[in-house]
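Asker: Handing over my_file_0.cif, mmCIF, C-alpha atoms.
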```cif
data_my_file
#
loop_
_atom_site.group_PDB
_atom_site.id
_atom_site.type_symbol
_atom_site.label_atom_id
_atom_site.label_comp_id
_atom_site.auth_asym_id
_atom_site.auth_seq_id
_atom_site.Cartn_x
_atom_site.Cartn_y
_atom_site.Cartn_z
ATOM 1 C CA MET A 1 7.366 12.842 -27.178
ATOM 2 C CA PHE A 2 10.767 11.123 -27.199
ATOM 3 C CA LYS A 3 12.432 14.050 -25.442
ATOM 4 C CA TYR A 4 9.718 14.095 -22.806
ATOM 5 C CA VAL A 5 10.072 10.341 -22.168
ATOM 6 C CA MET A 6 13.843 10.592 -21.832
ATOM 7 C CA LYS A 7 13.487 13.577 -19.524
ATOM 8 C CA ARG A 8 11.056 11.660 -17.294
ATOM 9 C CA ILE A 9 13.301 8.593 -17.207
ATOM 10 C CA LEU A 10 16.306 10.725 -16.267
ATOM 11 C CA LEU A 11 14.285 12.456 -13.566
ATOM 12 C CA MET A 12 13.162 9.066 -12.250
ATOM 13 C CA ILE A 13 16.763 7.829 -12.039
ATOM 14 C CA VAL A 14 17.865 10.977 -10.199
ATOM 15 C CA THR A 15 14.950 10.695 -7.777
ATOM 16 C CA PHE A 16 15.744 7.034 -7.164
ATOM 17 C CA PHE A 17 19.357 7.736 -6.260
ATOM 18 C CA ILE A 18 18.377 10.629 -3.989
ATOM 19 C CA ILE A 19 15.943 8.404 -2.069
ATOM 20 C CA ALA A 20 18.466 5.559 -1.985
ATOM 21 C CA THR A 21 21.180 7.822 -0.628
ATOM 22 C CA ILE A 22 18.950 9.249 2.099
ATOM 23 C CA CYS A 23 17.824 5.785 3.192
ATOM 24 C CA PHE A 24 21.376 4.441 3.183
ATOM 25 C CA VAL A 25 22.728 7.292 5.314
ATOM 26 C CA LEU A 26 19.853 7.146 7.796
ATOM 27 C CA ILE A 27 20.048 3.382 8.317
ATOM 28 C CA LYS A 28 23.817 3.512 8.706
ATOM 29 C CA LEU A 29 23.523 6.185 11.396
ATOM 30 C CA LEU A 30 21.734 3.644 13.575
ATOM 31 C CA PRO A 31 23.937 1.506 15.844
ATOM 32 C CA LEU A 32 24.826 -1.970 14.657
ATOM 33 C CA PRO A 33 22.517 -4.671 16.044
ATOM 34 C CA ALA A 34 23.894 -6.740 18.874
ATOM 35 C CA VAL A 35 25.346 -10.078 17.837
ATOM 36 C CA LYS A 36 23.101 -13.005 18.642
ATOM 37 C CA ALA A 37 25.386 -15.199 20.715
ATOM 38 C CA GLN A 38 23.210 -18.325 20.448
ATOM 39 C CA GLY A 39 25.103 -20.642 18.172
ATOM 40 C CA ARG A 40 27.231 -17.886 16.611
ATOM 41 C CA ASP A 41 30.875 -17.021 16.971
ATOM 42 C CA VAL A 42 30.972 -13.384 18.093
ATOM 43 C CA ASN A 43 34.528 -12.862 16.888
ATOM 44 C CA LEU A 44 33.690 -14.325 13.508
ATOM 45 C CA VAL A 45 30.714 -11.973 13.149
ATOM 46 C CA GLU A 46 32.859 -8.973 14.054
ATOM 47 C CA GLN A 47 35.478 -10.007 11.488
ATOM 48 C CA LYS A 48 32.752 -10.409 8.891
ATOM 49 C CA ARG A 49 31.433 -6.929 9.634
ATOM 50 C CA GLU A 50 34.922 -5.563 9.239
ATOM 51 C CA LEU A 51 35.264 -7.233 5.837
ATOM 52 C CA MET A 52 31.874 -5.851 4.779
ATOM 53 C CA GLY A 53 33.076 -2.344 5.630
ATOM 54 C CA TYR A 54 30.654 -1.710 8.481
ATOM 55 C CA ASN A 55 33.350 0.078 10.479
ATOM 56 C CA LYS A 56 34.394 2.412 7.666
ATOM 57 C CA PRO A 57 33.072 5.939 6.996
ATOM 58 C CA ILE A 58 29.572 6.163 5.548
ATOM 59 C CA LEU A 59 30.715 7.500 2.178
ATOM 60 C CA THR A 60 33.181 4.620 1.856
ATOM 61 C CA GLN A 61 30.446 2.144 2.730
ATOM 62 C CA TYR A 62 28.166 3.772 0.183
ATOM 63 C CA TRP A 63 30.742 3.399 -2.563
ATOM 64 C CA ILE A 64 31.425 -0.243 -1.631
ATOM 65 C CA TYR A 65 27.718 -1.015 -1.620
ATOM 66 C CA TRP A 66 27.048 0.312 -5.139
ATOM 67 C CA LYS A 67 30.221 -1.295 -6.432
ATOM 68 C CA ASN A 68 28.927 -4.656 -5.232
ATOM 69 C CA VAL A 69 25.404 -4.049 -6.568
ATOM 70 C CA PHE A 70 26.633 -3.253 -10.085
ATOM 71 C CA HIS A 71 29.211 -6.027 -10.056
ATOM 72 C CA PHE A 72 29.294 -8.023 -13.291
ATOM 73 C CA GLY A 73 29.896 -11.733 -13.373
ATOM 74 C CA GLY A 74 33.373 -12.701 -14.358
ATOM 75 C CA GLY A 75 32.570 -13.626 -17.924
ATOM 76 C CA ASP A 76 30.249 -16.519 -17.048
ATOM 77 C CA SER A 77 26.953 -17.251 -18.731
ATOM 78 C CA LYS A 78 24.923 -15.749 -15.932
ATOM 79 C CA GLY A 79 25.908 -12.209 -16.891
ATOM 80 C CA TRP A 80 25.066 -9.451 -14.476
ATOM 81 C CA SER A 81 24.547 -10.621 -10.916
ATOM 82 C CA PRO A 82 23.775 -7.896 -8.358
ATOM 83 C CA ASP A 83 25.300 -8.472 -4.950
ATOM 84 C CA PHE A 84 23.163 -7.001 -2.167
ATOM 85 C CA GLY A 85 25.178 -8.807 0.456
ATOM 86 C CA VAL A 86 24.051 -11.582 2.772
ATOM 87 C CA GLY A 87 21.674 -11.691 5.696
ATOM 88 C CA GLU A 88 23.138 -10.911 9.082
ATOM 89 C CA GLN A 89 20.182 -10.861 11.462
ATOM 90 C CA MET A 90 17.829 -13.103 9.436
ATOM 91 C CA TYR A 91 18.526 -15.760 6.830
ATOM 92 C CA ILE A 92 22.065 -15.608 8.112
ATOM 93 C CA SER A 93 24.760 -15.886 5.418
ATOM 94 C CA LEU A 94 22.179 -16.413 2.649
ATOM 95 C CA PRO A 95 22.395 -14.050 -0.344
ATOM 96 C CA VAL A 96 19.788 -11.305 -0.071
ATOM 97 C CA PHE A 97 19.018 -11.381 -3.794
ATOM 98 C CA ASP A 98 18.254 -15.114 -3.735
ATOM 99 C CA VAL A 99 15.940 -14.828 -0.733
ATOM 100 C CA ILE A 100 13.999 -11.991 -2.371
ATOM 101 C CA LYS A 101 13.631 -13.981 -5.603
ATOM 102 C CA GLU A 102 12.256 -16.909 -3.626
ATOM 103 C CA LYS A 103 9.643 -14.829 -1.777
ATOM 104 C CA LEU A 104 8.643 -12.457 -4.568
ATOM 105 C CA PRO A 105 6.154 -14.862 -6.276
ATOM 106 C CA TYR A 106 3.963 -14.948 -3.149
ATOM 107 C CA THR A 107 3.630 -11.163 -3.223
ATOM 108 C CA ILE A 108 2.905 -11.094 -6.958
ATOM 109 C CA VAL A 109 0.240 -13.804 -6.816
ATOM 110 C CA VAL A 110 -1.738 -12.441 -3.860
ATOM 111 C CA ASN A 111 -1.749 -8.906 -5.289
ATOM 112 C CA LEU A 112 -2.553 -10.105 -8.813
ATOM 113 C CA TYR A 113 -5.569 -12.022 -7.563
ATOM 114 C CA SER A 114 -6.793 -9.020 -5.567
ATOM 115 C CA ILE A 115 -6.462 -6.629 -8.516
ATOM 116 C CA LEU A 116 -8.209 -8.974 -10.968
ATOM 117 C CA ILE A 117 -11.127 -9.237 -8.543
ATOM 118 C CA ALA A 118 -11.244 -5.613 -7.396
ATOM 119 C CA ILE A 119 -11.017 -3.789 -10.744
ATOM 120 C CA PRO A 120 -14.263 -5.042 -12.373
ATOM 121 C CA ILE A 121 -16.187 -4.658 -9.094
ATOM 122 C CA GLY A 122 -14.890 -1.131 -8.556
ATOM 123 C CA LEU A 123 -15.669 -0.097 -12.134
ATOM 124 C CA LEU A 124 -19.196 -1.508 -12.062
ATOM 125 C CA LEU A 125 -19.998 0.113 -8.711
ATOM 126 C CA GLY A 126 -18.617 3.457 -9.889
ATOM 127 C CA ILE A 127 -20.595 3.359 -13.133
ATOM 128 C CA TYR A 128 -23.753 2.316 -11.290
ATOM 129 C CA ALA A 129 -23.401 5.134 -8.744
ATOM 130 C CA ALA A 130 -22.784 7.707 -11.495
ATOM 131 C CA LEU A 131 -25.839 6.605 -13.465
ATOM 132 C CA ARG A 132 -27.941 6.791 -10.269
ATOM 133 C CA LYS A 133 -26.450 10.082 -9.129
ATOM 134 C CA ASN A 134 -28.219 11.771 -6.189
ATOM 135 C CA LYS A 135 -30.548 8.788 -5.791
ATOM 136 C CA TRP A 136 -30.623 6.404 -2.857
ATOM 137 C CA GLN A 137 -28.455 3.870 -4.707
ATOM 138 C CA ASP A 138 -25.768 6.516 -5.169
ATOM 139 C CA HIS A 139 -25.957 7.505 -1.507
ATOM 140 C CA VAL A 140 -25.606 3.895 -0.369
ATOM 141 C CA VAL A 141 -22.585 3.245 -2.586
ATOM 142 C CA SER A 142 -20.929 6.567 -1.702
ATOM 143 C CA THR A 143 -21.423 6.012 2.029
ATOM 144 C CA ALA A 144 -19.990 2.508 1.832
ATOM 145 C CA VAL A 145 -17.000 3.804 -0.115
ATOM 146 C CA MET A 146 -16.314 6.518 2.449
ATOM 147 C CA LEU A 147 -16.451 3.974 5.268
ATOM 148 C CA VAL A 148 -14.030 1.658 3.486
ATOM 149 C CA VAL A 149 -11.611 4.462 2.669
ATOM 150 C CA SER A 150 -11.691 5.807 6.219
ATOM 151 C CA VAL A 151 -10.810 2.498 7.895
ATOM 152 C CA PRO A 152 -7.246 1.104 7.577
ATOM 153 C CA SER A 153 -6.856 -2.121 5.616
ATOM 154 C CA TYR A 154 -5.438 -4.055 8.564
ATOM 155 C CA VAL A 155 -8.752 -3.578 10.422
ATOM 156 C CA TYR A 156 -10.560 -5.418 7.638
ATOM 157 C CA ALA A 157 -7.795 -8.008 7.693
ATOM 158 C CA PHE A 158 -8.424 -8.772 11.374
ATOM 159 C CA LEU A 159 -12.195 -8.936 10.789
ATOM 160 C CA VAL A 160 -11.818 -11.248 7.790
ATOM 161 C CA GLN A 161 -9.369 -13.426 9.667
ATOM 162 C CA TYR A 162 -11.658 -13.664 12.696
ATOM 163 C CA PHE A 163 -14.939 -14.386 10.927
ATOM 164 C CA LEU A 164 -13.862 -16.352 7.835
ATOM 165 C CA CYS A 165 -10.928 -18.249 9.302
ATOM 166 C CA PHE A 166 -11.510 -18.587 13.039
ATOM 167 C CA LYS A 167 -15.282 -18.538 13.616
ATOM 168 C CA THR A 168 -16.562 -20.281 10.500
ATOM 169 C CA GLY A 169 -13.433 -22.207 9.542
ATOM 170 C CA TRP A 170 -14.166 -21.737 5.848
ATOM 171 C CA PHE A 171 -10.576 -20.791 5.052
ATOM 172 C CA PRO A 172 -7.244 -21.796 6.590
ATOM 173 C CA LEU A 173 -5.337 -19.420 8.836
ATOM 174 C CA THR A 174 -2.072 -20.006 6.989
ATOM 175 C CA VAL A 175 -1.117 -19.949 3.328
ATOM 176 C CA ALA A 176 -0.557 -23.260 1.558
ATOM 177 C CA SER A 177 3.026 -24.290 0.918
ATOM 178 C CA ARG A 178 4.514 -24.371 -2.560
ATOM 179 C CA GLU A 179 5.745 -27.868 -1.777
ATOM 180 C CA THR A 180 2.170 -29.189 -1.663
ATOM 181 C CA THR A 181 0.488 -27.119 -4.392
ATOM 182 C CA THR A 182 1.157 -24.625 -7.170
ATOM 183 C CA PHE A 183 0.573 -20.880 -7.066
ATOM 184 C CA PHE A 184 -2.452 -20.881 -9.371
ATOM 185 C CA SER A 185 -4.168 -23.936 -7.931
ATOM 186 C CA MET A 186 -7.518 -23.821 -6.143
ATOM 187 C CA ALA A 187 -5.888 -24.860 -2.853
ATOM 188 C CA MET A 188 -3.474 -21.920 -3.018
ATOM 189 C CA PHE A 189 -6.260 -19.517 -3.968
ATOM 190 C CA LYS A 190 -8.415 -20.733 -1.068
ATOM 191 C CA SER A 191 -5.586 -20.295 1.427
ATOM 192 C CA MET A 192 -4.846 -16.800 0.095
ATOM 193 C CA PHE A 193 -8.468 -15.678 -0.221
ATOM 194 C CA PRO A 194 -8.704 -13.941 3.199
ATOM 195 C CA ALA A 195 -5.641 -11.850 2.351
ATOM 196 C CA ILE A 196 -6.936 -11.216 -1.179
ATOM 197 C CA LEU A 197 -10.299 -10.074 0.196
ATOM 198 C CA SER A 198 -8.602 -7.724 2.654
ATOM 199 C CA LEU A 199 -6.569 -6.157 -0.153
ATOM 200 C CA CYS A 200 -9.631 -5.785 -2.383
ATOM 201 C CA PHE A 201 -11.506 -3.353 -0.131
ATOM 202 C CA ALA A 202 -9.229 -0.348 -0.644
ATOM 203 C CA THR A 203 -8.825 -0.903 -4.405
ATOM 204 C CA ILE A 204 -12.582 -1.293 -4.947
ATOM 205 C CA ALA A 205 -13.352 1.835 -2.929
ATOM 206 C CA ASN A 206 -10.744 4.031 -4.619
ATOM 207 C CA LEU A 207 -11.642 2.867 -8.119
ATOM 208 C CA CYS A 208 -15.377 3.228 -7.449
ATOM 209 C CA ARG A 209 -14.970 6.759 -6.132
ATOM 210 C CA PHE A 210 -12.734 7.799 -9.019
ATOM 211 C CA THR A 211 -14.989 6.240 -11.673
ATOM 212 C CA ARG A 212 -18.112 7.848 -10.223
ATOM 213 C CA ALA A 213 -16.495 11.289 -10.149
ATOM 214 C CA GLU A 214 -15.170 11.095 -13.710
ATOM 215 C CA LEU A 215 -18.325 9.627 -15.230
ATOM 216 C CA SER A 216 -20.585 12.075 -13.372
ATOM 217 C CA GLU A 217 -18.608 14.975 -14.803
ATOM 218 C CA VAL A 218 -18.718 13.551 -18.317
ATOM 219 C CA LEU A 219 -22.478 12.937 -18.139
ATOM 220 C CA THR A 220 -23.067 16.672 -17.614
ATOM 221 C CA GLY A 221 -21.110 17.629 -20.745
ATOM 222 C CA ASP A 222 -22.732 19.606 -23.535
ATOM 223 C CA TYR A 223 -21.640 17.109 -26.182
ATOM 224 C CA LEU A 224 -23.881 14.462 -24.625
ATOM 225 C CA LEU A 225 -26.860 16.761 -25.041
ATOM 226 C CA LEU A 226 -25.787 17.286 -28.641
ATOM 227 C CA ALA A 227 -25.584 13.520 -29.138
ATOM 228 C CA ARG A 228 -29.110 13.107 -27.788
ATOM 229 C CA THR A 229 -30.430 15.800 -30.143
ATOM 230 C CA LYS A 230 -28.903 13.906 -33.068
ATOM 231 C CA GLY A 231 -31.146 10.955 -32.294
ATOM 232 C CA LEU A 232 -29.022 8.755 -30.036
ATOM 233 C CA THR A 233 -30.792 7.063 -27.159
ATOM 234 C CA LYS A 234 -29.621 7.586 -23.602
ATOM 235 C CA ASN A 235 -27.877 4.204 -23.495
ATOM 236 C CA GLN A 236 -26.177 4.833 -26.835
ATOM 237 C CA ALA A 237 -24.928 8.248 -25.722
ATOM 238 C CA ILE A 238 -23.569 6.745 -22.495
ATOM 239 C CA THR A 239 -21.788 3.777 -24.086
ATOM 240 C CA ARG A 240 -20.472 5.530 -27.206
ATOM 241 C CA HIS A 241 -19.452 8.848 -25.696
ATOM 242 C CA ALA A 242 -19.657 9.100 -21.912
ATOM 243 C CA LEU A 243 -17.902 5.848 -20.979
ATOM 244 C CA ARG A 244 -15.212 6.244 -23.631
ATOM 245 C CA ASN A 245 -14.305 9.743 -22.453
ATOM 246 C CA ALA A 246 -14.487 8.811 -18.774
ATOM 247 C CA MET A 247 -12.095 5.898 -19.332
ATOM 248 C CA VAL A 248 -9.274 8.247 -20.427
ATOM 249 C CA PRO A 249 -8.236 9.111 -16.839
ATOM 250 C CA ILE A 250 -9.472 5.810 -15.399
ATOM 251 C CA LEU A 251 -7.437 3.415 -17.571
ATOM 252 C CA PRO A 252 -4.054 4.866 -16.495
ATOM 253 C CA MET A 253 -5.128 4.354 -12.884
ATOM 254 C CA ILE A 254 -5.927 0.703 -13.634
ATOM 255 C CA LEU A 255 -2.620 0.339 -15.464
ATOM 256 C CA GLY A 256 -0.818 1.768 -12.446
ATOM 257 C CA GLU A 257 -2.481 -0.825 -10.233
ATOM 258 C CA PHE A 258 -1.152 -3.641 -12.424
ATOM 259 C CA ILE A 259 2.343 -2.160 -12.559
ATOM 260 C CA GLY A 260 2.317 -1.712 -8.800
ATOM 261 C CA ILE A 261 1.439 -5.327 -7.953
ATOM 262 C CA LEU A 262 5.115 -6.009 -7.248
ATOM 263 C CA GLY A 263 4.917 -3.480 -4.444
ATOM 264 C CA GLY A 264 2.733 -5.818 -2.486
ATOM 265 C CA SER A 265 1.185 -5.189 0.900
ATOM 266 C CA LEU A 266 3.494 -4.782 3.842
ATOM 267 C CA ILE A 267 0.984 -5.202 6.671
ATOM 268 C CA ILE A 268 -1.446 -7.703 5.124
ATOM 269 C CA GLU A 269 1.313 -10.216 4.445
ATOM 270 C CA GLY A 270 2.413 -10.065 8.063
ATOM 271 C CA ILE A 271 -1.129 -10.545 9.398
ATOM 272 C CA PHE A 272 -1.886 -13.601 7.267
ATOM 273 C CA GLY A 273 1.605 -15.081 7.437
ATOM 274 C CA ILE A 274 2.258 -14.834 3.715
ATOM 275 C CA PRO A 275 5.981 -15.428 3.144
ATOM 276 C CA GLY A 276 6.311 -12.559 0.664
ATOM 277 C CA ILE A 277 8.661 -9.617 0.424
ATOM 278 C CA GLY A 278 6.258 -7.367 2.339
ATOM 279 C CA LYS A 279 6.615 -9.429 5.486
ATOM 280 C CA LEU A 280 10.340 -9.697 4.814
ATOM 281 C CA TYR A 281 10.627 -5.904 4.641
ATOM 282 C CA ILE A 282 8.826 -5.351 7.957
ATOM 283 C CA THR A 283 11.004 -7.969 9.634
ATOM 284 C CA SER A 284 14.202 -6.413 8.278
ATOM 285 C CA ILE A 285 13.233 -3.044 9.746
ATOM 286 C CA GLY A 286 12.576 -4.527 13.172
ATOM 287 C CA LEU A 287 15.817 -6.530 13.210
ATOM 288 C CA ARG A 288 17.862 -3.790 11.509
ATOM 289 C CA ASP A 289 19.250 -6.119 8.900
ATOM 290 C CA TYR A 290 20.963 -3.508 6.707
ATOM 291 C CA ASN A 291 21.318 -5.567 3.564
ATOM 292 C CA PHE A 292 17.714 -6.761 3.416
ATOM 293 C CA PHE A 293 16.397 -3.322 4.318
ATOM 294 C CA MET A 294 18.407 -1.540 1.621
ATOM 295 C CA ALA A 295 17.648 -4.070 -1.119
ATOM 296 C CA LEU A 296 13.897 -3.997 -0.443
ATOM 297 C CA THR A 297 13.885 -0.194 -0.099
ATOM 298 C CA PHE A 298 15.504 0.068 -3.529
ATOM 299 C CA PHE A 299 12.968 -2.413 -4.886
ATOM 300 C CA TYR A 300 9.876 -0.627 -3.580
ATOM 301 C CA THR A 301 11.204 2.782 -4.612
ATOM 302 C CA LEU A 302 11.930 1.623 -8.144
ATOM 303 C CA ILE A 303 8.518 -0.023 -8.500
ATOM 304 C CA ASN A 304 6.643 3.070 -7.325
ATOM 305 C CA LEU A 305 8.631 5.426 -9.546
ATOM 306 C CA SER A 306 8.176 3.122 -12.545
ATOM 307 C CA ALA A 307 4.420 2.880 -11.938
ATOM 308 C CA ASN A 308 4.103 6.677 -11.821
ATOM 309 C CA LEU A 309 6.119 6.992 -15.021
ATOM 310 C CA VAL A 310 4.013 4.422 -16.888
ATOM 311 C CA VAL A 311 0.776 6.058 -15.728
ATOM 312 C CA ASP A 312 1.891 9.511 -16.877
ATOM 313 C CA LEU A 313 3.063 8.264 -20.258
ATOM 314 C CA SER A 314 -0.050 6.172 -20.827
ATOM 315 C CA TYR A 315 -2.226 9.290 -21.079
ATOM 316 C CA GLY A 316 -0.624 10.184 -24.395
ATOM 317 C CA PHE A 317 -1.137 6.691 -25.820
ATOM 318 C CA ILE A 318 -4.726 6.315 -24.616
ATOM 319 C CA ASP A 319 -5.811 9.738 -25.875
ATOM 320 C CA PRO A 320 -3.706 11.020 -28.834
ATOM 321 C CA ARG A 321 -5.114 14.505 -28.254
ATOM 322 C CA ILE A 322 -2.955 14.782 -25.135
ATOM 323 C CA LYS A 323 0.486 16.061 -26.099
ATOM 324 C CA MET A 324 3.042 14.912 -23.556
ATOM 325 C CA GLY A 325 5.504 17.614 -22.634
ATOM 326 C CA ALA A 326 3.754 20.253 -24.725
ATOM 327 C CA LYS A 327 3.878 23.832 -23.517
#
```
Spell out the structure here as structure tokens.

Answerer:
Amino acid sequence: MFKYVMKRILLMIVTFFIIATICFVLIKLLPLPAVKAQGRDVNLVEQKRELMGYNKPILTQYWIYWKNVFHFGGGDSKGWSPDFGVGEQMYISLPVFDVIKEKLPYTIVVNLYSILIAIPIGLLLGIYAALRKNKWQDHVVSTAVMLVVSVPSYVYAFLVQYFLCFKTGWFPLTVASRETTTFFSMAMFKSMFPAILSLCFATIANLCRFTRAELSEVLTGDYLLLARTKGLTKNQAITRHALRNAMVPILPMILGEFIGILGGSLIIEGIFGIPGIGKLYITSIGLRDYNFFMALTFFYTLINLSANLVVDLSYGFIDPRIKMGAK
């Protein structure tokens, strides 16, 4: 088990650096953005780019970038302080790492709320559809799931925004400020609810579909028939055997959803004006702010690779019969 874990971690690190290298080279092949002359000294910006190594070969820039990222504080109490550079096209001259730290809580909170709401609903709908398999209840749930999966999340976001925010006025169009309320207050939850609802649709549909498929397969197993012949009622056989076995592949999926909450939603945050890292990432791509783009690309890549690793390893802990790395 230990060898398998170390092998997976090493593979994750190698994959991360391959993706990081490809992204760095591709973004550096693009031309530098034009200097915004309004209120900025063009010569000063050009000198700053020269100091940052923008005019040097790509390999030299790559080495300088990683040297700055893994820079250690000069013996102070803060310890390691990664330097992703400063903003050039947005949040000009502000450290990229500090801006991301400031905006990250918005992304975590909105995704955490959506997952806590979506997981129990998705599980209950999936279990209900599996227990009513091939009946009209199953057909209704399955059809609704297929419709939700087939439509992009931003379509639901526009519909939620139009009906719940604009037409009825039940919820505000913008997210509450941290200066007026806290993240876990009712005012913040109310302002984020349209975005939370838009994020819930896809998670509910995917979890419902997966739960129905797994539980339906388990319910047709021979060991359930054996359990019934031993005197267990239908409900006892389902709760003691069917649900427990169906949860083996479902729980890692749920765990992956929790690990992946840092990934956030790129499009939903932009639609609802949530000042999170998702909106920041989209803006950095449009403005070609190299430092923000690279830092957030590294962040999203690391989160996704870590989530996949945790999900794979969790199978062995949830079900000891599964031998990780066994031939």

Asker: Find the residue from A:Phe189, A:Phe183, A:Tyr128, A:Phe258 that sits nearest to Asn304 of chain A; use all atoms listed in the file when measuring.

Answerer: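 Of the candidates, the smallest distance to Asn304 of chain A is held by A:Phe258.
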
Asker: For the PyMOL selection byres ((chain A and resi 232-238) around 12), applied here, can you spell out every residue it catches as number ranges by chain?

Answerer: A: 127, 130-131, 215-216, 218-231, 239-247

Asker: Quick check, in Å to one decimal: how far apart do atom CA of Ile271 of chain A and atom CA of Gly85 of chain A lie?

Answerer: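 Taking atom CA of Ile271 of chain A as the start and atom CA of Gly85 of chain A as the end point, the length is 27.8 Å.
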
Asker: Please enumerate the residues selected by the PyMOL selection byres ((chain A and resi 195-206) around 8) when evaluated against the supplied file, formatted as a PyMOL selection string.

Answerer: chain A and resi 110-111+113-115+117-119+121-123+145-146+148-149+153-154+156-157+160+192-194+207-210+265+268-269+272

Asker: With only C-alpha atoms as the atoms that count, which of A:Ile254, A:Met90, A:Leu26, A:Val311 lies nearest to Pro120 of chain A?

Answerer: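 Of all the options, A:Ile254 lies closest to Pro120 of chain A.
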
Asker: What does the structure give for the distance between atom CA of Gly87 of chain A and atom CA of Ile285 of chain A, in Å to one decimal?

Answerer: 12.7 Å

Asker: Kindly extract all protein, DNA and RNA residues lying within 9 Å of the coordinates (21.1, -14.2, 2.4) given in the file, considering only C-alpha atoms, and supply them as a list in words.

Answerer: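 Residues close enough to count: Phe84, Gly85, Val86, Gly87, Glu88, Met90, Tyr91, Ile92, Ser93, Leu94, Pro95, Val96, Phe97, Asp98, Val99, Ile100, Asn291 and Phe292 of chain A.
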
Asker: Could you add N, CA and C atoms to segment 223-241 of chain A and give me the result as a PDB file, keeping the file's coordinate frame?

Answerer:
```
ATOM      1  N   TYR A 223     -21.665  17.964 -24.989  1.00  0.00           N
ATOM      2  CA  TYR A 223     -21.640  17.109 -26.182  1.00  0.00           C
ATOM      3  C   TYR A 223     -22.579  15.918 -26.034  1.00  0.00           C
ATOM      4  N   LEU A 224     -22.900  15.526 -24.805  1.00  0.00           N
ATOM      5  CA  LEU A 224     -23.881  14.462 -24.625  1.00  0.00           C
ATOM      6  C   LEU A 224     -25.286  14.949 -24.985  1.00  0.00           C
ATOM      7  N   LEU A 225     -25.573  16.186 -24.636  1.00  0.00           N
ATOM      8  CA  LEU A 225     -26.860  16.761 -25.041  1.00  0.00           C
ATOM      9  C   LEU A 225     -26.956  16.868 -26.555  1.00  0.00           C
ATOM     10  N   LEU A 226     -25.823  17.215 -27.176  1.00  0.00           N
ATOM     11  CA  LEU A 226     -25.787  17.286 -28.641  1.00  0.00           C
ATOM     12  C   LEU A 226     -26.004  15.906 -29.250  1.00  0.00           C
ATOM     13  N   ALA A 227     -25.410  14.881 -28.633  1.00  0.00           N
ATOM     14  CA  ALA A 227     -25.584  13.520 -29.138  1.00  0.00           C
ATOM     15  C   ALA A 227     -27.031  13.068 -29.024  1.00  0.00           C
ATOM     16  N   ARG A 228     -27.703  13.472 -27.945  1.00  0.00           N
ATOM     17  CA  ARG A 228     -29.110  13.107 -27.788  1.00  0.00           C
ATOM     18  C   ARG A 228     -29.977  13.802 -28.828  1.00  0.00           C
ATOM     19  N   THR A 229     -29.639  15.066 -29.142  1.00  0.00           N
ATOM     20  CA  THR A 229     -30.430  15.800 -30.143  1.00  0.00           C
ATOM     21  C   THR A 229     -30.243  15.233 -31.541  1.00  0.00           C
ATOM     22  N   LYS A 230     -29.125  14.519 -31.757  1.00  0.00           N
ATOM     23  CA  LYS A 230     -28.903  13.906 -33.068  1.00  0.00           C
ATOM     24  C   LYS A 230     -29.661  12.590 -33.234  1.00  0.00           C
ATOM     25  N   GLY A 231     -30.329  12.153 -32.173  1.00  0.00           N
ATOM     26  CA  GLY A 231     -31.146  10.955 -32.294  1.00  0.00           C
ATOM     27  C   GLY A 231     -30.650   9.757 -31.516  1.00  0.00           C
ATOM     28  N   LEU A 232     -29.520   9.874 -30.825  1.00  0.00           N
ATOM     29  CA  LEU A 232     -29.022   8.755 -30.036  1.00  0.00           C
ATOM     30  C   LEU A 232     -29.870   8.584 -28.784  1.00  0.00           C
ATOM     31  N   THR A 233     -30.087   7.322 -28.413  1.00  0.00           N
ATOM     32  CA  THR A 233     -30.792   7.063 -27.159  1.00  0.00           C
ATOM     33  C   THR A 233     -29.852   7.338 -25.982  1.00  0.00           C
ATOM     34  N   LYS A 234     -30.428   7.324 -24.791  1.00  0.00           N
ATOM     35  CA  LYS A 234     -29.621   7.586 -23.602  1.00  0.00           C
ATOM     36  C   LYS A 234     -28.523   6.543 -23.436  1.00  0.00           C
ATOM     37  N   ASN A 235     -28.875   5.272 -23.627  1.00  0.00           N
ATOM     38  CA  ASN A 235     -27.877   4.204 -23.495  1.00  0.00           C
ATOM     39  C   ASN A 235     -26.793   4.316 -24.562  1.00  0.00           C
ATOM     40  N   GLN A 236     -27.167   4.674 -25.770  1.00  0.00           N
ATOM     41  CA  GLN A 236     -26.177   4.833 -26.835  1.00  0.00           C
ATOM     42  C   GLN A 236     -25.229   5.991 -26.539  1.00  0.00           C
ATOM     43  N   ALA A 237     -25.774   7.096 -26.050  1.00  0.00           N
ATOM     44  CA  ALA A 237     -24.928   8.248 -25.722  1.00  0.00           C
ATOM     45  C   ALA A 237     -23.964   7.914 -24.589  1.00  0.00           C
ATOM     46  N   ILE A 238     -24.435   7.112 -23.624  1.00  0.00           N
ATOM     47  CA  ILE A 238     -23.569   6.745 -22.495  1.00  0.00           C
ATOM     48  C   ILE A 238     -22.453   5.814 -22.944  1.00  0.00           C
ATOM     49  N   THR A 239     -22.788   4.773 -23.700  1.00  0.00           N
ATOM     50  CA  THR A 239     -21.788   3.777 -24.086  1.00  0.00           C
ATOM     51  C   THR A 239     -20.826   4.293 -25.148  1.00  0.00           C
ATOM     52  N   ARG A 240     -21.323   5.081 -26.098  1.00  0.00           N
ATOM     53  CA  ARG A 240     -20.472   5.530 -27.206  1.00  0.00           C
ATOM     54  C   ARG A 240     -19.631   6.757 -26.852  1.00  0.00           C
ATOM     55  N   HIS A 241     -20.133   7.584 -25.976  1.00  0.00           N
ATOM     56  CA  HIS A 241     -19.452   8.848 -25.696  1.00  0.00           C
ATOM     57  C   HIS A 241     -19.021   8.981 -24.235  1.00  0.00           C
TER      58      HIS A 241
END
```
